[in-house]
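> The structure that follows is given in the form of structure tokens.
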There are 2 protein chains.
Amino acid sequence: MPKPDLTALLDKVRHTAGQYAEVPLADNCLQPAGPFSEEERAAVYRAVYARRDVRNEFTSAPIPDETLRRILQAAHAAPSVGLMQPWNFLLIRSDEVRAEVHEAFSRANDEAAQLFPDYMGHQYRKLKLEGILKAPLNICVTCDRKRGGDVVLGRTHNPDMDLYSTVCAVQNLWLTARAEGIGVGWVSIYNDADLRSILRVPEGVEIVAYLCVGFVDKLYDRPELEAKRWAKRLKLDDLIYKERWNSA
Amino acid sequence: MPKPDLTALLDKVRHTAGQYAEVPLADNCLQPAGPFSEEERAAVYRAVYARRDVRNEFTSAPIPDETLRRILQAAHAAPSVGLMQPWNFLLIRSDEVRAEVHEAFSRANDEAAQLFPDYMGHQYRKLKLEGILKAPLNICVTCDRKRGGDVVLGRTHNPDMDLYSTVCAVQNLWLTARAEGIGVGWVSIYNDADLRSILRVPEGVEIVAYLCVGFVDKLYDRPELEAKRWAKRLKLDDLIYKERWNSA
């Protein structure tokens, strides 16, 4: 039986599989693993609890290249379906592009304010919801839906797994940024077509997150929307079920 | 002008807003913030790099309640759009329910194997892709799309932000679990209708992640799909653009 045309196939399935399809599977990469030390565990929890969605606390200090590299590497170490690694990172620093993005945000934010009942719209307009111009760096994180080729392991039954992988990358970046003293704010108020046009994001690539990124010297001691009494923390116990939905 | 009927409105907009709509916004919750110590930073990066998608390395050791609580609290501390906190956590331990879920996985996995070209399908079938029965605990993480009421701050222009928030919760859980010595594997190969029926997840609630959770005594030193030569790590530099798409 003739061998398949590997080059042609690889072109089709791209990165997900096939490169080593005729090499025996390695199974000797297991290493001992256990819990972290108490201090290390505390540091991981500290990152989780001290992380904030930052809108206004950015300083203008530029982010050193090696620091930025560390948080991007952390994002790139996120889990991805079929090891698809569908993300790209657009680093936006220019005043010009940020001004265009800010304009797109402002338009959408005006639309948004009108969706709330009157007395809430009033509160809404008082909230600062982005740091596009204040943060020295913006990062747009995208998901290339075609990166894995036609069939991606683990994505066969849930095509949105690649978007979820991309969000895991965002959260890795967010938590490690916090540990570096860098704040991150996720802007979600824009019309997709506007941002897509400004950043020239092609069809087939989804914009997942638009992040404002910069050093911070202070942060809210709880989520800003909670501090500003827009919303309340839910009780965890109310969110846990056992075995099946709605059974405690 | 009469005041709005606050109770009725609250019922509508639920948790996102309104509870304190007539109370002045607090702005005094800012605390000093800076980078973590070098040791703390290293611990956060360690969690990021040592985290694995676990399929087979689970031990049968039960997870103590207080440990489980810590990782669920970490999930609950994730960012969410408009502080919507749309997640629920279904803790599944019974042999019966796990067997049903495993059957649903197996059916879908057979379908999946047939989607790959022959020689890849052969490799695919050799991969263990879940630890549903081996892990002592499964956690289904869902997203209640209606939790925030009709209008949620930050979700007005991207209705999928609640799903993304839920993924952030998953990643918080995943990273803190690693620090606790607990492995997590995300199963995505199932037909949504099957899992929904088994777990009785109602309409309006999306199943975002089905996680296998248990202590591990060893882990792959790199992603298992990379170790087993199913896929390759991409170069980060190839994934970074500046200012706009496709410009380095």
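Each chain in the structure tokens gets a letter, A, B and so on, in the order shown; residues start at 1 in every chain, and ligands are counted from 1 in the order they appear.
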Show which residues sit within 8 Å of Arg51 in chain A, as a list in words. Count only C-alpha atoms, and ignore same-chain residues fewer than 5 positions away.

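Counting only the stated atoms, we get Trp174, Leu175, Arg178 and Gly183 of chain A.
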
> Keeping only all heavy atoms, write the selected residues as a PDB file, in the first residue's frame.


```
ATOM      1  N   TRP A 174      -3.229  37.225  32.448  1.00  0.00           N
ATOM      2  CA  TRP A 174      -3.805  38.132  33.453  1.00  0.00           C
ATOM      3  C   TRP A 174      -3.186  37.857  34.832  1.00  0.00           C
ATOM      4  O   TRP A 174      -2.796  38.782  35.559  1.00  0.00           O
ATOM      5  CB  TRP A 174      -5.313  37.908  33.496  1.00  0.00           C
ATOM      6  CG  TRP A 174      -6.169  39.069  33.874  1.00  0.00           C
ATOM      7  CD1 TRP A 174      -5.811  40.168  34.601  1.00  0.00           C
ATOM      8  CD2 TRP A 174      -7.552  39.247  33.539  1.00  0.00           C
ATOM      9  NE1 TRP A 174      -6.888  41.007  34.747  1.00  0.00           N
ATOM     10  CE2 TRP A 174      -7.967  40.464  34.109  1.00  0.00           C
ATOM     11  CE3 TRP A 174      -8.485  38.485  32.835  1.00  0.00           C
ATOM     12  CZ2 TRP A 174      -9.284  40.942  33.986  1.00  0.00           C
ATOM     13  CZ3 TRP A 174      -9.789  38.966  32.712  1.00  0.00           C
ATOM     14  CH2 TRP A 174     -10.181  40.181  33.274  1.00  0.00           C
ATOM     15  N   LEU A 175      -3.107  36.571  35.169  1.00  0.00           N
ATOM     16  CA  LEU A 175      -2.608  36.197  36.501  1.00  0.00           C
ATOM     17  C   LEU A 175      -1.102  36.439  36.627  1.00  0.00           C
ATOM     18  O   LEU A 175      -0.629  36.942  37.655  1.00  0.00           O
ATOM     19  CB  LEU A 175      -2.939  34.733  36.785  1.00  0.00           C
ATOM     20  CG  LEU A 175      -4.422  34.409  36.983  1.00  0.00           C
ATOM     21  CD1 LEU A 175      -4.658  32.907  36.965  1.00  0.00           C
ATOM     22  CD2 LEU A 175      -4.951  35.013  38.290  1.00  0.00           C
ATOM     23  N   ARG A 178      -0.393  40.110  36.957  1.00  0.00           N
ATOM     24  CA  ARG A 178      -0.608  40.587  38.330  1.00  0.00           C
ATOM     25  C   ARG A 178       0.638  40.354  39.188  1.00  0.00           C
ATOM     26  O   ARG A 178       1.049  41.212  39.970  1.00  0.00           O
ATOM     27  CB  ARG A 178      -1.826  39.895  38.961  1.00  0.00           C
ATOM     28  CG  ARG A 178      -2.117  40.310  40.408  1.00  0.00           C
ATOM     29  CD  ARG A 178      -2.425  41.792  40.501  1.00  0.00           C
ATOM     30  NE  ARG A 178      -2.287  42.341  41.856  1.00  0.00           N
ATOM     31  CZ  ARG A 178      -1.161  42.843  42.328  1.00  0.00           C
ATOM     32  NH1 ARG A 178      -0.066  42.884  41.593  1.00  0.00           N
ATOM     33  NH2 ARG A 178      -1.119  43.343  43.541  1.00  0.00           N
ATOM     34  N   GLY A 183      -1.255  45.520  35.667  1.00  0.00           N
ATOM     35  CA  GLY A 183      -2.707  45.380  35.660  1.00  0.00           C
ATOM     36  C   GLY A 183      -3.229  45.135  34.253  1.00  0.00           C
ATOM     37  O   GLY A 183      -2.621  45.576  33.272  1.00  0.00           O
TER      38      GLY A 183
END
```

> Check range 17-214 of chain B with DSSP on the backbone and list each residue it calls helix (DSSP H, G or I), as a ChimeraX atom specification.

/B:38-50,65-76,81-83,95-113,118-126,161-179,192-199

> For a quick check of understanding, using only C-alpha atoms, which of B:Leu239, B:Tyr190, B:Glu103, B:Ala179 has the smallest distance to Tyr45 in chain B?

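Going through B:Leu239, B:Tyr190, B:Glu103, B:Ala179 one by one, the smallest distance to Tyr45 in chain B is for B:Ala179.
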
> Any idea what the distance is between CA of Asp95 in chain A and CA of Pro32 in chain B?

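Interatomic distance, CA of Asp95 in chain A to CA of Pro32 in chain B: 28.2 Å.
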
> If we count only C-alpha atoms, what is near range 232-238 of chain A at a cut-off of 12 Å, once residues fewer than 6 positions away on the same chain are taken out, given as JSON, numbers by chain?

{"A": [222, 223, 224, 225, 226, 245, 246, 247, 248], "B": [14, 15, 16, 17, 18, 19, 20, 21, 69, 70, 71, 72, 73, 74, 75, 76, 77, 78, 79, 80, 82, 83, 84, 85, 86, 87, 88, 89, 90, 147, 148]}
